[in-house]
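The file model-v9.cif comes next; it holds mmCIF, N, CA and C atoms and all ligand atoms.
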```cif
data_entry
loop_
_atom_site.group_PDB
_atom_site.id
_atom_site.type_symbol
_atom_site.label_atom_id
_atom_site.label_comp_id
_atom_site.auth_asym_id
_atom_site.auth_seq_id
_atom_site.Cartn_x
_atom_site.Cartn_y
_atom_site.Cartn_z
ATOM 1 N N MET A 1 1.335 -51.614 16.700
ATOM 2 C CA MET A 1 0.180 -51.889 15.847
ATOM 3 C C MET A 1 -0.803 -50.712 15.879
ATOM 4 N N GLY A 2 -1.399 -50.497 17.000
ATOM 5 C CA GLY A 2 -2.474 -49.487 17.018
ATOM 6 C C GLY A 2 -1.945 -48.101 16.701
ATOM 7 N N GLU A 3 -1.645 -47.934 15.503
ATOM 8 C CA GLU A 3 -1.171 -46.598 15.144
ATOM 9 C C GLU A 3 -2.366 -45.645 15.089
ATOM 10 N N PRO A 4 -2.321 -44.607 15.907
ATOM 11 C CA PRO A 4 -3.504 -43.719 15.970
ATOM 12 C C PRO A 4 -3.752 -43.002 14.663
ATOM 13 N N ASP A 5 -4.989 -42.869 14.420
ATOM 14 C CA ASP A 5 -5.349 -42.096 13.223
ATOM 15 C C ASP A 5 -4.842 -40.668 13.396
ATOM 16 N N VAL A 6 -4.756 -40.033 12.341
ATOM 17 C CA VAL A 6 -4.336 -38.636 12.432
ATOM 18 C C VAL A 6 -5.382 -37.905 13.259
ATOM 19 N N GLY A 7 -4.939 -37.342 14.312
ATOM 20 C CA GLY A 7 -5.841 -36.695 15.261
ATOM 21 C C GLY A 7 -6.742 -35.658 14.634
ATOM 22 N N PRO A 8 -7.367 -34.965 15.508
ATOM 23 C CA PRO A 8 -8.290 -33.927 15.008
ATOM 24 C C PRO A 8 -7.568 -33.034 14.009
ATOM 25 N N SER A 9 -8.100 -33.050 12.847
ATOM 26 C CA SER A 9 -7.401 -32.351 11.770
ATOM 27 C C SER A 9 -7.176 -30.887 12.141
ATOM 28 N N THR A 10 -5.944 -30.553 12.179
ATOM 29 C CA THR A 10 -5.633 -29.152 12.467
ATOM 30 C C THR A 10 -5.907 -28.350 11.204
ATOM 31 N N SER A 11 -7.119 -27.954 11.096
ATOM 32 C CA SER A 11 -7.484 -27.185 9.907
ATOM 33 C C SER A 11 -6.786 -25.832 9.975
ATOM 34 N N SER A 12 -5.656 -25.825 9.390
ATOM 35 C CA SER A 12 -4.878 -24.592 9.439
ATOM 36 C C SER A 12 -5.608 -23.492 8.687
ATOM 37 N N ALA A 13 -5.962 -22.515 9.435
ATOM 38 C CA ALA A 13 -6.647 -21.384 8.814
ATOM 39 C C ALA A 13 -5.739 -20.817 7.745
ATOM 40 N N HIS A 14 -6.163 -20.947 6.616
ATOM 41 C CA HIS A 14 -5.526 -20.567 5.384
ATOM 42 C C HIS A 14 -5.263 -19.075 5.363
ATOM 43 N N LEU A 15 -4.095 -18.730 5.663
ATOM 44 C CA LEU A 15 -3.828 -17.287 5.732
ATOM 45 C C LEU A 15 -3.482 -16.737 4.354
ATOM 46 N N GLN A 16 -4.449 -16.133 3.788
ATOM 47 C CA GLN A 16 -4.195 -15.535 2.489
ATOM 48 C C GLN A 16 -3.690 -14.121 2.696
ATOM 49 N N THR A 17 -2.685 -13.818 1.987
ATOM 50 C CA THR A 17 -2.234 -12.430 2.070
ATOM 51 C C THR A 17 -3.179 -11.613 1.213
ATOM 52 N N PRO A 18 -3.899 -10.756 1.859
ATOM 53 C CA PRO A 18 -4.893 -9.986 1.109
ATOM 54 C C PRO A 18 -4.243 -9.136 0.024
ATOM 55 N N ALA A 19 -4.796 -9.265 -1.135
ATOM 56 C CA ALA A 19 -4.242 -8.491 -2.241
ATOM 57 C C ALA A 19 -4.694 -7.045 -2.161
ATOM 58 N N LEU A 20 -5.680 -6.848 -1.342
ATOM 59 C CA LEU A 20 -6.174 -5.488 -1.170
ATOM 60 C C LEU A 20 -5.058 -4.631 -0.608
ATOM 61 N N ARG A 21 -4.861 -3.518 -1.208
ATOM 62 C CA ARG A 21 -3.820 -2.668 -0.641
ATOM 63 C C ARG A 21 -4.483 -1.814 0.428
ATOM 64 N N SER A 22 -4.057 -2.077 1.643
ATOM 65 C CA SER A 22 -4.609 -1.303 2.735
ATOM 66 C C SER A 22 -3.766 -0.052 2.879
ATOM 67 N N ALA A 23 -4.216 0.959 2.239
ATOM 68 C CA ALA A 23 -3.465 2.210 2.272
ATOM 69 C C ALA A 23 -3.717 2.910 3.584
ATOM 70 N N LYS A 24 -2.875 2.635 4.542
ATOM 71 C CA LYS A 24 -3.046 3.267 5.846
ATOM 72 C C LYS A 24 -2.242 4.548 5.897
ATOM 73 N N ALA A 25 -2.901 5.542 6.363
ATOM 74 C CA ALA A 25 -2.222 6.829 6.471
ATOM 75 C C ALA A 25 -1.203 6.758 7.603
ATOM 76 N N VAL A 26 -0.090 7.390 7.374
ATOM 77 C CA VAL A 26 0.930 7.474 8.418
ATOM 78 C C VAL A 26 1.018 8.937 8.822
ATOM 79 N N HIS A 27 0.618 9.205 10.031
ATOM 80 C CA HIS A 27 0.570 10.583 10.503
ATOM 81 C C HIS A 27 1.899 10.970 11.127
ATOM 82 N N LEU A 28 2.823 11.283 10.263
ATOM 83 C CA LEU A 28 4.149 11.650 10.745
ATOM 84 C C LEU A 28 4.073 12.871 11.640
ATOM 85 N N GLY A 29 4.767 12.789 12.741
ATOM 86 C CA GLY A 29 4.798 13.927 13.647
ATOM 87 C C GLY A 29 3.673 13.913 14.661
ATOM 88 N N TYR A 30 2.812 12.896 14.591
ATOM 89 C CA TYR A 30 1.732 12.792 15.570
ATOM 90 C C TYR A 30 1.929 11.552 16.417
ATOM 91 N N GLN A 31 1.829 11.759 17.706
ATOM 92 C CA GLN A 31 2.002 10.657 18.635
ATOM 93 C C GLN A 31 0.692 10.424 19.365
ATOM 94 N N CYS A 32 0.375 9.155 19.587
ATOM 95 C CA CYS A 32 -0.828 8.828 20.346
ATOM 96 C C CYS A 32 -0.583 9.227 21.795
ATOM 97 N N ASP A 33 -1.479 10.015 22.330
ATOM 98 C CA ASP A 33 -1.288 10.484 23.702
ATOM 99 C C ASP A 33 -1.518 9.393 24.728
ATOM 100 N N SER A 34 -2.127 8.302 24.303
ATOM 101 C CA SER A 34 -2.408 7.239 25.257
ATOM 102 C C SER A 34 -1.327 6.164 25.251
ATOM 103 N N CYS A 35 -1.095 5.540 24.088
ATOM 104 C CA CYS A 35 -0.107 4.456 24.052
ATOM 105 C C CYS A 35 1.251 4.941 23.575
ATOM 106 N N LEU A 36 1.339 6.209 23.231
ATOM 107 C CA LEU A 36 2.588 6.848 22.828
ATOM 108 C C LEU A 36 3.177 6.306 21.532
ATOM 109 N N ALA A 37 2.342 5.626 20.762
ATOM 110 C CA ALA A 37 2.814 5.146 19.462
ATOM 111 C C ALA A 37 3.077 6.341 18.554
ATOM 112 N N GLU A 38 4.186 6.283 17.875
ATOM 113 C CA GLU A 38 4.519 7.378 16.966
ATOM 114 C C GLU A 38 5.212 6.830 15.742
ATOM 115 N N PRO A 39 4.831 7.184 14.578
ATOM 116 C CA PRO A 39 3.660 8.019 14.283
ATOM 117 C C PRO A 39 2.373 7.220 14.405
ATOM 118 N N ILE A 40 1.265 7.942 14.454
ATOM 119 C CA ILE A 40 -0.030 7.268 14.460
ATOM 120 C C ILE A 40 -0.267 6.748 13.047
ATOM 121 N N VAL A 41 -0.642 5.491 12.972
ATOM 122 C CA VAL A 41 -0.897 4.881 11.666
ATOM 123 C C VAL A 41 -2.362 4.501 11.578
ATOM 124 N N GLY A 42 -2.952 4.787 10.451
ATOM 125 C CA GLY A 42 -4.372 4.488 10.266
ATOM 126 C C GLY A 42 -5.180 5.739 10.543
ATOM 127 N N ILE A 43 -6.190 5.589 11.382
ATOM 128 C CA ILE A 43 -7.013 6.756 11.691
ATOM 129 C C ILE A 43 -6.413 7.504 12.863
ATOM 130 N N ARG A 44 -6.277 8.782 12.705
ATOM 131 C CA ARG A 44 -5.825 9.612 13.826
ATOM 132 C C ARG A 44 -7.052 10.322 14.372
ATOM 133 N N TRP A 45 -7.296 10.120 15.654
ATOM 134 C CA TRP A 45 -8.449 10.739 16.297
ATOM 135 C C TRP A 45 -7.992 12.005 16.988
ATOM 136 N N HIS A 46 -8.453 13.102 16.472
ATOM 137 C CA HIS A 46 -8.026 14.400 16.972
ATOM 138 C C HIS A 46 -9.139 15.014 17.810
ATOM 139 N N CYS A 47 -8.811 15.350 19.044
ATOM 140 C CA CYS A 47 -9.821 15.944 19.918
ATOM 141 C C CYS A 47 -10.095 17.372 19.474
ATOM 142 N N LEU A 48 -11.379 17.656 19.299
ATOM 143 C CA LEU A 48 -11.767 18.985 18.832
ATOM 144 C C LEU A 48 -11.909 19.966 19.981
ATOM 145 N N GLU A 49 -11.856 19.468 21.186
ATOM 146 C CA GLU A 49 -12.092 20.346 22.327
ATOM 147 C C GLU A 49 -10.827 20.688 23.096
ATOM 148 N N CYS A 50 -9.789 19.900 22.903
ATOM 149 C CA CYS A 50 -8.517 20.221 23.542
ATOM 150 C C CYS A 50 -7.638 20.910 22.517
ATOM 151 N N ARG A 51 -7.373 22.150 22.769
ATOM 152 C CA ARG A 51 -6.644 22.925 21.772
ATOM 153 C C ARG A 51 -5.377 23.529 22.350
ATOM 154 N N GLY A 52 -4.682 24.201 21.470
ATOM 155 C CA GLY A 52 -3.477 24.884 21.907
ATOM 156 C C GLY A 52 -2.425 23.912 22.364
ATOM 157 N N ALA A 53 -1.950 24.119 23.555
ATOM 158 C CA ALA A 53 -0.878 23.273 24.077
ATOM 159 C C ALA A 53 -1.410 21.936 24.560
ATOM 160 N N PHE A 54 -2.721 21.787 24.503
ATOM 161 C CA PHE A 54 -3.301 20.569 25.071
ATOM 162 C C PHE A 54 -3.965 19.682 24.034
ATOM 163 N N THR A 55 -3.481 19.765 22.814
ATOM 164 C CA THR A 55 -4.100 18.943 21.780
ATOM 165 C C THR A 55 -3.957 17.469 22.125
ATOM 166 N N VAL A 56 -4.975 16.737 21.781
ATOM 167 C CA VAL A 56 -5.004 15.306 22.050
ATOM 168 C C VAL A 56 -5.213 14.579 20.730
ATOM 169 N N ASP A 57 -4.320 13.656 20.457
ATOM 170 C CA ASP A 57 -4.464 12.800 19.294
ATOM 171 C C ASP A 57 -4.341 11.362 19.759
ATOM 172 N N LEU A 58 -5.258 10.537 19.296
ATOM 173 C CA LEU A 58 -5.221 9.139 19.687
ATOM 174 C C LEU A 58 -5.192 8.249 18.464
ATOM 175 N N CYS A 59 -4.607 7.078 18.623
ATOM 176 C CA CYS A 59 -4.659 6.097 17.550
ATOM 177 C C CYS A 59 -6.023 5.413 17.614
ATOM 178 N N ASP A 60 -6.301 4.651 16.597
ATOM 179 C CA ASP A 60 -7.616 4.033 16.494
ATOM 180 C C ASP A 60 -7.920 3.114 17.681
ATOM 181 N N GLU A 61 -6.953 2.347 18.069
ATOM 182 C CA GLU A 61 -7.172 1.397 19.166
ATOM 183 C C GLU A 61 -7.481 2.103 20.471
ATOM 184 N N CYS A 62 -6.722 3.120 20.770
ATOM 185 C CA CYS A 62 -6.933 3.827 22.036
ATOM 186 C C CYS A 62 -8.259 4.568 22.026
ATOM 187 N N ARG A 63 -8.636 5.070 20.867
ATOM 188 C CA ARG A 63 -9.922 5.754 20.785
ATOM 189 C C ARG A 63 -11.044 4.760 21.056
ATOM 190 N N GLU A 64 -10.877 3.573 20.539
ATOM 191 C CA GLU A 64 -11.901 2.553 20.716
ATOM 192 C C GLU A 64 -12.014 2.153 22.188
ATOM 193 N N GLU A 65 -10.892 2.057 22.834
ATOM 194 C CA GLU A 65 -10.921 1.705 24.258
ATOM 195 C C GLU A 65 -11.616 2.778 25.073
ATOM 196 N N GLY A 66 -11.408 4.010 24.652
ATOM 197 C CA GLY A 66 -12.100 5.110 25.306
ATOM 198 C C GLY A 66 -11.753 5.287 26.768
ATOM 199 N N THR A 67 -10.534 4.983 27.106
ATOM 200 C CA THR A 67 -10.148 5.098 28.504
ATOM 201 C C THR A 67 -9.193 6.250 28.747
ATOM 202 N N PHE A 68 -8.809 6.915 27.666
ATOM 203 C CA PHE A 68 -7.811 7.960 27.845
ATOM 204 C C PHE A 68 -8.440 9.269 28.332
ATOM 205 N N GLU A 69 -7.970 9.709 29.474
ATOM 206 C CA GLU A 69 -8.413 11.001 29.981
ATOM 207 C C GLU A 69 -7.230 11.695 30.643
ATOM 208 N N THR A 70 -7.253 12.990 30.591
ATOM 209 C CA THR A 70 -6.235 13.755 31.300
ATOM 210 C C THR A 70 -6.966 14.777 32.156
ATOM 211 N N GLU A 71 -6.204 15.683 32.731
ATOM 212 C CA GLU A 71 -6.851 16.712 33.547
ATOM 213 C C GLU A 71 -7.847 17.512 32.723
ATOM 214 N N ARG A 72 -7.518 17.687 31.443
ATOM 215 C CA ARG A 72 -8.392 18.494 30.590
ATOM 216 C C ARG A 72 -9.249 17.653 29.668
ATOM 217 N N HIS A 73 -8.674 16.584 29.208
ATOM 218 C CA HIS A 73 -9.394 15.794 28.221
ATOM 219 C C HIS A 73 -10.299 14.751 28.858
ATOM 220 N N ARG A 74 -11.508 14.679 28.353
ATOM 221 C CA ARG A 74 -12.464 13.671 28.800
ATOM 222 C C ARG A 74 -12.868 12.853 27.590
ATOM 223 N N ASP A 75 -13.196 11.628 27.832
ATOM 224 C CA ASP A 75 -13.571 10.777 26.711
ATOM 225 C C ASP A 75 -14.869 11.215 26.054
ATOM 226 N N THR A 76 -15.602 12.090 26.714
ATOM 227 C CA THR A 76 -16.851 12.588 26.146
ATOM 228 C C THR A 76 -16.612 13.683 25.115
ATOM 229 N N HIS A 77 -15.365 14.109 24.985
ATOM 230 C CA HIS A 77 -15.048 15.139 23.998
ATOM 231 C C HIS A 77 -15.312 14.633 22.589
ATOM 232 N N SER A 78 -15.514 15.568 21.707
ATOM 233 C CA SER A 78 -15.739 15.197 20.309
ATOM 234 C C SER A 78 -14.410 14.984 19.616
ATOM 235 N N PHE A 79 -14.348 13.929 18.873
ATOM 236 C CA PHE A 79 -13.137 13.641 18.110
ATOM 237 C C PHE A 79 -13.429 13.777 16.635
ATOM 238 N N GLN A 80 -12.392 14.114 15.931
ATOM 239 C CA GLN A 80 -12.498 14.127 14.489
ATOM 240 C C GLN A 80 -11.569 13.051 13.952
ATOM 241 N N ALA A 81 -12.092 12.213 13.091
ATOM 242 C CA ALA A 81 -11.280 11.149 12.511
ATOM 243 C C ALA A 81 -10.516 11.701 11.324
ATOM 244 N N ARG A 82 -9.216 11.594 11.405
ATOM 245 C CA ARG A 82 -8.390 12.031 10.266
ATOM 246 C C ARG A 82 -7.874 10.768 9.611
ATOM 247 N N ARG A 83 -8.427 10.475 8.491
ATOM 248 C CA ARG A 83 -8.043 9.242 7.805
ATOM 249 C C ARG A 83 -6.885 9.441 6.854
ATOM 250 N N GLU A 84 -6.585 10.675 6.549
ATOM 251 C CA GLU A 84 -5.486 10.916 5.639
ATOM 252 C C GLU A 84 -4.428 11.745 6.327
ATOM 253 N N ALA A 85 -3.220 11.351 6.070
ATOM 254 C CA ALA A 85 -2.115 12.070 6.688
ATOM 255 C C ALA A 85 -2.044 13.472 6.114
ATOM 256 N N GLU A 86 -1.689 14.376 6.961
ATOM 257 C CA GLU A 86 -1.534 15.738 6.487
ATOM 258 C C GLU A 86 -0.180 15.877 5.838
ATOM 259 N N MET A 87 -0.168 16.686 4.825
ATOM 260 C CA MET A 87 1.085 16.855 4.109
ATOM 261 C C MET A 87 1.792 18.109 4.584
ATOM 262 N N GLU A 88 2.930 18.299 4.013
ATOM 263 C CA GLU A 88 3.666 19.516 4.336
ATOM 264 C C GLU A 88 2.774 20.709 4.012
ATOM 265 N N PRO A 89 2.751 21.699 4.892
ATOM 266 C CA PRO A 89 1.826 22.822 4.724
ATOM 267 C C PRO A 89 1.811 23.437 3.333
ATOM 268 N N TYR A 90 2.969 23.708 2.769
ATOM 269 C CA TYR A 90 2.984 24.398 1.479
ATOM 270 C C TYR A 90 2.341 23.546 0.393
ATOM 271 N N TYR A 91 2.476 22.276 0.564
ATOM 272 C CA TYR A 91 1.917 21.352 -0.417
ATOM 273 C C TYR A 91 0.437 21.140 -0.142
ATOM 274 N N ALA A 92 0.099 21.072 1.124
ATOM 275 C CA ALA A 92 -1.282 20.800 1.525
ATOM 276 C C ALA A 92 -2.225 21.858 0.967
ATOM 277 N N ASN A 93 -1.801 23.106 0.989
ATOM 278 C CA ASN A 93 -2.669 24.163 0.486
ATOM 279 C C ASN A 93 -3.079 23.909 -0.947
ATOM 280 N N GLU A 94 -2.090 23.568 -1.727
ATOM 281 C CA GLU A 94 -2.361 23.325 -3.129
ATOM 282 C C GLU A 94 -3.334 22.164 -3.295
ATOM 283 N N VAL A 95 -3.033 21.075 -2.617
ATOM 284 C CA VAL A 95 -3.853 19.881 -2.748
ATOM 285 C C VAL A 95 -5.246 20.127 -2.201
ATOM 286 N N ALA A 96 -5.322 20.854 -1.104
ATOM 287 C CA ALA A 96 -6.614 21.109 -0.485
ATOM 288 C C ALA A 96 -7.508 21.895 -1.434
ATOM 289 N N SER A 97 -6.953 22.879 -2.089
ATOM 290 C CA SER A 97 -7.788 23.667 -2.985
ATOM 291 C C SER A 97 -8.215 22.827 -4.180
ATOM 292 N N MET A 98 -7.338 21.943 -4.639
ATOM 293 C CA MET A 98 -7.713 21.048 -5.729
ATOM 294 C C MET A 98 -8.808 20.101 -5.267
ATOM 295 N N ALA A 99 -8.632 19.593 -4.060
ATOM 296 C CA ALA A 99 -9.591 18.643 -3.528
ATOM 297 C C ALA A 99 -10.959 19.297 -3.380
ATOM 298 N N LEU A 100 -10.965 20.530 -2.941
ATOM 299 C CA LEU A 100 -12.225 21.223 -2.763
ATOM 300 C C LEU A 100 -12.962 21.334 -4.089
ATOM 301 N N ARG A 101 -12.205 21.642 -5.121
ATOM 302 C CA ARG A 101 -12.834 21.760 -6.427
ATOM 303 C C ARG A 101 -13.433 20.416 -6.837
ATOM 304 N N GLU A 102 -12.686 19.361 -6.564
ATOM 305 C CA GLU A 102 -13.189 18.048 -6.970
ATOM 306 C C GLU A 102 -14.400 17.648 -6.146
ATOM 307 N N TYR A 103 -14.358 17.958 -4.877
ATOM 308 C CA TYR A 103 -15.475 17.563 -4.030
ATOM 309 C C TYR A 103 -16.761 18.251 -4.448
ATOM 310 N N SER A 104 -16.631 19.456 -4.978
ATOM 311 C CA SER A 104 -17.847 20.180 -5.350
ATOM 312 C C SER A 104 -18.601 19.439 -6.451
ATOM 313 N N TYR A 105 -17.885 18.631 -7.203
ATOM 314 C CA TYR A 105 -18.582 17.843 -8.229
ATOM 315 C C TYR A 105 -19.411 16.734 -7.606
ATOM 316 N N LEU A 106 -18.911 16.256 -6.476
ATOM 317 C CA LEU A 106 -19.570 15.113 -5.844
ATOM 318 C C LEU A 106 -20.817 15.516 -5.071
ATOM 319 N N ALA A 107 -20.939 16.778 -4.796
ATOM 320 C CA ALA A 107 -22.018 17.217 -3.907
ATOM 321 C C ALA A 107 -23.422 16.918 -4.456
HETATM 322 ZN ZN ZN A 201 -2.720 4.627 21.031
HETATM 323 ZN ZN ZN A 202 -10.222 16.550 24.619
#
```
I need this file expressed as structure tokens, please.
Amino acid sequence: MGEPDVGPSTSSAHLQTPALRSAKAVHLGYQCDSCLAEPIVGIRWHCLECRGAFTVDLCDECREEGTFETERHRDTHSFQARREAEMEPYYANEVASMALREYSYLA
């Protein structure tokens, strides 16, 4: 008889697949020095102070954690956010010069 009412309604969070196209850059050839994810997807954080053989690139998550340090790299170093994947060098030159021209309009 005592059939229980439907319990606390499991309000299933309505998972909508966002129609927004999240164009995440894929940084082919770059590996996160902290979690070793390769390629880095999304924002690539490039250390501006570790150069040469000691370049440091981090994925967004590891940069946020801010715990990655090496003998040379400190979390206090300046990072540059690279939101767009770099293209093949020969192609990049062309695009970069075009981009520069376009950016000058925005200034
Ligand atoms: Zn990482
Ligand atoms: Zn560094």
(request) To one decimal in Å, tell me the separation between atom N of A:Thr67 and atom N of A:Trp45. (result)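 About the pair atom N of A:Thr67 and atom N of A:Trp45: they are 13.0 Å apart.
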(message) Given all atoms listed in the file as the basis, pick out the residue of A:Ser34, A:Val41, A:Gly29, A:Glu49 nearest to A:His73.
(response)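 Ranking A:Ser34, A:Val41, A:Gly29, A:Glu49 by distance to A:His73, first place goes to A:Glu49.
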(message) As a quick test: using only N, CA and C atoms and all ligand atoms, which residues lie no more than 7 Å away from ligand ZN 201 (chain A)? Give them as number ranges by chain.
(response) A: 31-37, 58-63
(request) Please check which protein, DNA or RNA residues sit within 8 Å of ligand ZN 202 (chain A), counting all atoms listed in the file, and write them as a list in words. (result) His46, Cys47, Leu48, Glu49, Cys50, Arg51, Phe54, Thr55, Val56, Asp57, Glu69, Thr70, Arg72, His73, Arg74, Asp75, Thr76, His77, Ser78 and Phe79 of chain A
(request) Write out as a PyMOL selection string the residues lying within 7 Å of A:Gly42, counting only N, CA and C atoms and excluding same-chain residues fewer than 4 positions away. (result) chain A and resi 23-27+60+82-84
(message) What does the structure give for the distance between atom N of A:Glu65 and atom C of A:Ile43, in Å to one decimal?
(response)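 Separation of atom N of A:Glu65 and atom C of A:Ile43: 12.2 Å.
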In stretch 20-95 of chain A, what's strand (DSSP E) per DSSP? Answer as an mmCIF file with N, CA and C atoms, in the coordinates of the input?
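Result file follows (states35.cif):
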```
data_model
loop_
_atom_site.group_PDB
_atom_site.id
_atom_site.type_symbol
_atom_site.label_atom_id
_atom_site.label_comp_id
_atom_site.auth_asym_id
_atom_site.auth_seq_id
_atom_site.Cartn_x
_atom_site.Cartn_y
_atom_site.Cartn_z
ATOM 1 N N VAL A 26 -0.090 7.390 7.374
ATOM 2 C CA VAL A 26 0.930 7.474 8.418
ATOM 3 C C VAL A 26 1.018 8.937 8.822
ATOM 4 N N HIS A 27 0.618 9.205 10.031
ATOM 5 C CA HIS A 27 0.570 10.583 10.503
ATOM 6 C C HIS A 27 1.899 10.970 11.127
ATOM 7 N N ILE A 40 1.265 7.942 14.454
ATOM 8 C CA ILE A 40 -0.030 7.268 14.460
ATOM 9 C C ILE A 40 -0.267 6.748 13.047
ATOM 10 N N VAL A 41 -0.642 5.491 12.972
ATOM 11 C CA VAL A 41 -0.897 4.881 11.666
ATOM 12 C C VAL A 41 -2.362 4.501 11.578
ATOM 13 N N ARG A 44 -6.277 8.782 12.705
ATOM 14 C CA ARG A 44 -5.825 9.612 13.826
ATOM 15 C C ARG A 44 -7.052 10.322 14.372
ATOM 16 N N TRP A 45 -7.296 10.120 15.654
ATOM 17 C CA TRP A 45 -8.449 10.739 16.297
ATOM 18 C C TRP A 45 -7.992 12.005 16.988
ATOM 19 N N HIS A 46 -8.453 13.102 16.472
ATOM 20 C CA HIS A 46 -8.026 14.400 16.972
ATOM 21 C C HIS A 46 -9.139 15.014 17.810
ATOM 22 N N CYS A 47 -8.811 15.350 19.044
ATOM 23 C CA CYS A 47 -9.821 15.944 19.918
ATOM 24 C C CYS A 47 -10.095 17.372 19.474
ATOM 25 N N ASP A 57 -4.320 13.656 20.457
ATOM 26 C CA ASP A 57 -4.464 12.800 19.294
ATOM 27 C C ASP A 57 -4.341 11.362 19.759
ATOM 28 N N LEU A 58 -5.258 10.537 19.296
ATOM 29 C CA LEU A 58 -5.221 9.139 19.687
ATOM 30 C C LEU A 58 -5.192 8.249 18.464
ATOM 31 N N PHE A 79 -14.348 13.929 18.873
ATOM 32 C CA PHE A 79 -13.137 13.641 18.110
ATOM 33 C C PHE A 79 -13.429 13.777 16.635
ATOM 34 N N GLN A 80 -12.392 14.114 15.931
ATOM 35 C CA GLN A 80 -12.498 14.127 14.489
ATOM 36 C C GLN A 80 -11.569 13.051 13.952
ATOM 37 N N ALA A 81 -12.092 12.213 13.091
ATOM 38 C CA ALA A 81 -11.280 11.149 12.511
ATOM 39 C C ALA A 81 -10.516 11.701 11.324
ATOM 40 N N ARG A 82 -9.216 11.594 11.405
ATOM 41 C CA ARG A 82 -8.390 12.031 10.266
ATOM 42 C C ARG A 82 -7.874 10.768 9.611
#
```
Centre and size of axis-aligned box enclosing stretch 63-72 of chain A plus 3 Å each side, as lines of an AutoDock Vina configuration file:
```
center_x = -9.2
center_y = 10.1
center_z = 27.0
size_x = 11.9
size_y = 22.8
size_z = 19.0
```
(message) Between atom CA of A:Gly66 and atom CA of A:Gly52, what distance in Å does the model show, to one decimal?
(response) 21.8 Å
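All residues in stretch 28-67 of chain A with a DSSP state of helix (DSSP H, G or I), computed from the backbone, read Gly52, Ala53, Phe54, Asp60, Glu61, Cys62, Arg63, Glu64 and Glu65 of chain A.
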